[in-house]
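Visitor: Mind having a look at this structure? Questions to follow.
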Amino acid sequence: MALDDRSKTRDFKVIGTRPVRPDGIDKVTGRAKFGADATAPGMLTGRVLRSPHPHARIRRIDASKAEALPGVKAVVTRADFGEVPEDVFDILDNCMAGEKALYDGHAVAAVAASSPAVAKRAAKLIEVEYEPLPHVTDVDEAMKPEAPALHEGRTEETVPEGMSPNVISRVQFGHGDIEAGLAQADRVVERTYRTAATHQGYIEPHACLASMGPDGQADLWCCTQGHYLVRNTCAAILGMEQGQLRVTASEIGGGFGGKTTVFLEPVALALSRKAGRPVKMVMSRSEVLRASGPTASSSVDVRIGMTKDGRITAGFAELRYQGGAYPGSPVDMGSMSAFAPYDLENVRTVGWDIVTNRPKQAAYRAPGAPMAAFAVESAIDELAKGFGLDPLEVRLKNGADEGTKASYGPTYPAIGLMATLEAAKSHPHWSAPLGKGQGRGVACGFWFNFGGDTCVSLNITPDGTVTVSEGNPDIGGSRASMTMMAAEELGIPYDQVRTIIADTGSLGQNEVTDGSRVTFAVGLATIEAARNAKREMCRRAAMVWGIDEEAVVWEDGAARPSGPNAGEHPPMTLAEIAAIASNTGGPIAGHYEVNAEGAGVSFATHMVDVEVDRDTGATKILRYTVFQDAGKAVHPSYVEGQFQGGAVQGIGWALNEEYIYGDDGVLQNPGFLDYRVPVASDLPMIDTVILEIPNPGHPYGVRGVGETSIVPPLAAIANAVSEAAGVRMTDLPMSPPRILAAIENG
Amino acid sequence: MWGSLAEAADGSTEVEIEAGTLRELLDGLAGEYPGLAPELERGISVAIDGRVYNDSWFTPIKPDSEVVLLRRLKGG
């Protein structure tokens, strides 16, 4: 759906304002129901038994002692799941190991019992005979031909023969001639950059309640970013028809991509099926870190050439991402996005997807892009500073704009990168003085943004208020933004509309809440649903007035006669039309179902000041400003929150967060005391500058904003720390010991 | 076509397919270049004039449209 011509100049009444969020009171008063708040009569407690080995063949599982324990109602292992379709095999294998346990924490059995204490005792009574196998957790080690192999026969045809079976696939993108381009450069930077695996760090652990009846009908309540995805995946794994499983999404205490798959849900359903009782399962924090999906760790080689006046002549990157024990790391997204902010004649990326004995990675906000941007933006910064050039000017000189052939192929339509760079250059932050031991870094970032299958139902109630039903869990303010878009279209106040998240039985298929798609795609569907309702209300008014419906228009919340033959009639408000709906044909609703294509890409530039303590290696973030294109900011406070959240998660990724494995392949820091996420006292206020370059594919010009903001921080902070410490930092996190070592080694 | 796809299409980064819609394009590619089958089965995204499409078979492709095949996009 194209941008409305009038949206470029229209005077929005609701869009762009900052009304109170509809979920706010419930969340601050404890009334909101999260995943672990679900209950049901006769509910049992489910508990998972997890592998203590990073890699082991499962020789035998004997659950007889557990099953004999009073209060135990069911034990399930992989044997309780039948053959499943190929596209969900890895998901099932990750939820419940088959022949092998592939990482520390891999589920091998589960029990349902009358209380948490009984479930805990029962899990300990399940006997598992393991044959430990050699393991590998490092991405570069896993690529070596002699590395322990996790799987056989999973390598795609894109991988040259003779490589380790842990190398699953290879992708490459780009155009031009890299060597010819590098030959034109006055200087070439060639470095390897590494990032650690990090977790999304959502506060709410995974939780669900499953209830399957003897007739095969089931209900599932869970904390997820996509309950339709949960339904479809669980139905496939359990051998159910999708229509027999109704899934209701709870409120969500953070997801950031990590709740776009299933972990407990199929297990809870299998336990419920076997026990004949509802089963509730809640992960501990340790389980979340050991056995849900962190992001990939990466190792990236970069070669970039630049002339002394700052023109990039060629850019090459070879990216190696490990995505845990199963294929599917986001190296393809990293390879496509690495050089996306730049207009380059010669550019190429090669990406390798690698498996290791770690938990299967899950999406994390712009999956794959932050690591790639860290490498490329660090090298560009080093080149610019090496020539004594302004790093923002270098980016402006090479930045992509409308008409640029992107490094991943397409020609860009109108995009906002240059606007973010210009805004950064003119911002007071850029010219503010720095003190001793301090450094300033900038970096750019890109993300694609998606659309996808979307349904919205908008109902006019008899008293003239409006309810909107959408099928995407509200992870970043979608209830507020849908309410605002419906109110804008209908011409009624914000508080006359309420948006709810419908269960899977109430709407058609909805794509998972990912790819920064919801404000774009669900917003688009909400606008069209409202327009459909307006057309129907105009038709009802025309009936009352006895005129053609074409002679009625909708303006300012009311149907109005329009045109030379419409006659004189007082406007009929939405409430007046709703009040007589039964007399004019029945209830009034607007629906819209669409595969929303045409999402607009998004760019950001981040600027950060840091101070490095050369005695302790500690880094303090002094000032941080985000410049990002939002297309159109529906609710600016939420947009700013997305910008700030991405920056903060990036700060954690850059400075502290890290999955640390011992030589035994066991995760050493499965808790928030040792896995250090930033807290408020670590941070300055994150300043934000919203740019609005309309997306031509949305009626109001909306672009997704949820992911781009985590792409630049790793590089921006590394560039600032490198300046402050006087040494180029190439490995994340830049923890105090790593900074001290870098300073010491010069 | 992105590099890996080009490798599977006899090294061609640009190919000619008679197609007025996305579905005709995908069918044409599969017919002309059997080596693309594994990638097409895994799923791809298509950028038409800079806008990305995933599954809408009947998205029109104009004679002068720029069509770029991409790895299937995944988000968080």
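In the structure tokens, the first chain shown is A, the next is B, and so on; residue numbers restart at 1 for each chain, and ligands run from 1 in the order shown.
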What residues in chain B lie within 9 Å of chain A, counting only C-alpha atoms, written as a list of chain:residue names?

Guide: B:Met1, B:Trp2, B:Gly3, B:Ser4, B:Leu5, B:Glu7, B:Ala8, B:Pro38, B:Ala47, B:Ile48, B:Asp49, B:Gly50, B:Arg51, B:Val52, B:Tyr53, B:Asn54, B:Asp55, B:Ser56, B:Glu66, B:Val67, B:Val68, B:Leu69, B:Leu70, B:Arg71, B:Arg72, B:Leu73, B:Lys74, B:Gly75, B:Gly76

Visitor: Enumerate the residues of range 128-248 of chain A with a DSSP assignment of alpha helix (DSSP H), computed from the backbone, and present them as an MDAnalysis selection string.

Guide: chainID A and resid 139:143 178:183 227:238

Visitor: Dump N, CA and C atoms for the selected residues as a short mmCIF file (atom, residue, chain, number, x, y, z; two decimals), in the first residue's frame?

Guide:
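Writing done, so here's again14.cif:
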```
data_model
loop_
_atom_site.label_atom_id
_atom_site.label_comp_id
_atom_site.auth_asym_id
_atom_site.auth_seq_id
_atom_site.Cartn_x
_atom_site.Cartn_y
_atom_site.Cartn_z
N VAL A 139 34.00 -20.73 17.33
CA VAL A 139 33.59 -20.72 15.92
C VAL A 139 34.76 -21.06 15.00
N ASP A 140 35.92 -20.51 15.24
CA ASP A 140 37.05 -20.79 14.35
C ASP A 140 37.56 -22.22 14.53
N GLU A 141 37.55 -22.70 15.78
CA GLU A 141 37.96 -24.08 16.03
C GLU A 141 37.01 -25.06 15.36
N ALA A 142 35.73 -24.72 15.39
CA ALA A 142 34.73 -25.64 14.83
C ALA A 142 34.87 -25.80 13.32
N MET A 143 35.48 -24.83 12.67
CA MET A 143 35.64 -24.91 11.21
C MET A 143 36.78 -25.83 10.79
N ILE A 178 37.20 -6.52 -6.12
CA ILE A 178 37.81 -6.14 -4.84
C ILE A 178 39.29 -5.82 -5.00
N GLU A 179 40.01 -6.68 -5.67
CA GLU A 179 41.47 -6.47 -5.76
C GLU A 179 41.78 -5.20 -6.54
N ALA A 180 41.03 -4.95 -7.61
CA ALA A 180 41.25 -3.72 -8.37
C ALA A 180 40.94 -2.50 -7.53
N GLY A 181 39.90 -2.60 -6.74
CA GLY A 181 39.54 -1.49 -5.87
C GLY A 181 40.59 -1.24 -4.80
N LEU A 182 41.08 -2.32 -4.19
CA LEU A 182 42.10 -2.16 -3.16
C LEU A 182 43.38 -1.56 -3.74
N ALA A 183 43.64 -1.89 -5.00
CA ALA A 183 44.85 -1.35 -5.65
C ALA A 183 44.77 0.16 -5.81
N HIS A 227 2.32 -15.96 18.79
CA HIS A 227 1.56 -17.13 19.19
C HIS A 227 1.06 -17.93 18.00
N TYR A 228 0.96 -17.32 16.83
CA TYR A 228 0.60 -18.10 15.64
C TYR A 228 1.76 -19.02 15.26
N LEU A 229 2.95 -18.53 15.37
CA LEU A 229 4.13 -19.37 15.13
C LEU A 229 4.17 -20.50 16.15
N VAL A 230 3.87 -20.20 17.41
CA VAL A 230 3.85 -21.24 18.44
C VAL A 230 2.81 -22.30 18.09
N ARG A 231 1.64 -21.83 17.68
CA ARG A 231 0.58 -22.79 17.32
C ARG A 231 1.03 -23.70 16.18
N ASN A 232 1.54 -23.08 15.12
CA ASN A 232 1.88 -23.87 13.94
C ASN A 232 3.03 -24.84 14.22
N THR A 233 4.00 -24.36 14.98
CA THR A 233 5.16 -25.20 15.28
C THR A 233 4.78 -26.35 16.21
N CYS A 234 4.04 -26.02 17.26
CA CYS A 234 3.66 -27.07 18.21
C CYS A 234 2.71 -28.08 17.56
N ALA A 235 1.81 -27.61 16.74
CA ALA A 235 0.89 -28.53 16.06
C ALA A 235 1.68 -29.50 15.19
N ALA A 236 2.67 -29.00 14.50
CA ALA A 236 3.49 -29.88 13.65
C ALA A 236 4.26 -30.89 14.49
N ILE A 237 4.80 -30.43 15.60
CA ILE A 237 5.60 -31.32 16.45
C ILE A 237 4.72 -32.35 17.15
N LEU A 238 3.54 -31.93 17.57
CA LEU A 238 2.66 -32.84 18.31
C LEU A 238 1.77 -33.66 17.38
#
```

Visitor: Env of Ala19 in chain B: 10 Å cut, atoms = only C-alpha atoms, seq-sep filter 6 positions within chain, self excluded. Answer as a list in words.

Guide: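 Skipping anything fewer than 6 positions along the chain leaves Leu25, Leu26, Asp27, Gly28, Leu29, Pro60, Ile61, Lys62 and Pro63 of chain B.
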
Visitor: From the options A:Thr192, A:Asn357, A:Thr198, A:Thr155, which residue's atoms come nearest to Val677 in chain A, counting only C-alpha atoms?

Guide: A:Thr198

Visitor: Mind pulling up the distance from CA of Gly445 in chain A to CA of Asn719 in chain A?

Guide: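 Computed distance, CA of Asn719 in chain A to CA of Gly445 in chain A, equals 14.0 Å.
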
Visitor: One decimal, in Å: what's the spacing between CA of Met43 in chain A and CA of Ala110 in chain A?

Guide: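 Straight-line distance from CA of Met43 in chain A to CA of Ala110 in chain A works out to 15.7 Å.
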
Visitor: Residues within 12 Å of Trp653 in chain A, please, as an MDAnalysis selection string. Count only C-alpha atoms; anything in the same chain fewer than 6 positions from it doesn't count.

Guide: chainID A and resid 194:201 294:297 364 370:371 374 646:647 659 675:678 710:718 731:735

Visitor: Got a sec: who's within 12 Å of Pro433 in chain A, counting only C-alpha atoms, leaving out chain neighbours fewer than 5 positions off, as a PyMOL selection string?

Guide: chain A and resi 428+438-440+609+623

Visitor: Store the residues of this selection in a file with N, CA and C atoms, as a PDB file, in the first residue's frame.

Guide:
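The file below, again_10.pdb, is the result:
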```pdb
ATOM      1  N   PRO A 428      25.027  19.408  18.767  1.00  0.00           N
ATOM      2  CA  PRO A 428      26.035  19.913  19.714  1.00  0.00           C
ATOM      3  C   PRO A 428      26.944  18.830  20.269  1.00  0.00           C
ATOM      4  N   GLN A 438      39.341  10.432  27.498  1.00  0.00           N
ATOM      5  CA  GLN A 438      38.010  10.253  26.908  1.00  0.00           C
ATOM      6  C   GLN A 438      38.124  10.115  25.392  1.00  0.00           C
ATOM      7  N   GLY A 439      37.137   9.476  24.801  1.00  0.00           N
ATOM      8  CA  GLY A 439      37.116   9.303  23.355  1.00  0.00           C
ATOM      9  C   GLY A 439      35.701   9.380  22.833  1.00  0.00           C
ATOM     10  N   ARG A 440      35.599   9.715  21.560  1.00  0.00           N
ATOM     11  CA  ARG A 440      34.273   9.805  20.931  1.00  0.00           C
ATOM     12  C   ARG A 440      34.259   8.878  19.719  1.00  0.00           C
ATOM     13  N   ASP A 609      30.390   9.103  23.712  1.00  0.00           N
ATOM     14  CA  ASP A 609      31.608   9.517  24.409  1.00  0.00           C
ATOM     15  C   ASP A 609      31.860   8.542  25.557  1.00  0.00           C
ATOM     16  N   ARG A 623      28.257   9.993  27.353  1.00  0.00           N
ATOM     17  CA  ARG A 623      27.193  10.646  26.584  1.00  0.00           C
ATOM     18  C   ARG A 623      26.877   9.781  25.376  1.00  0.00           C
TER      19      ARG A 623
END
```
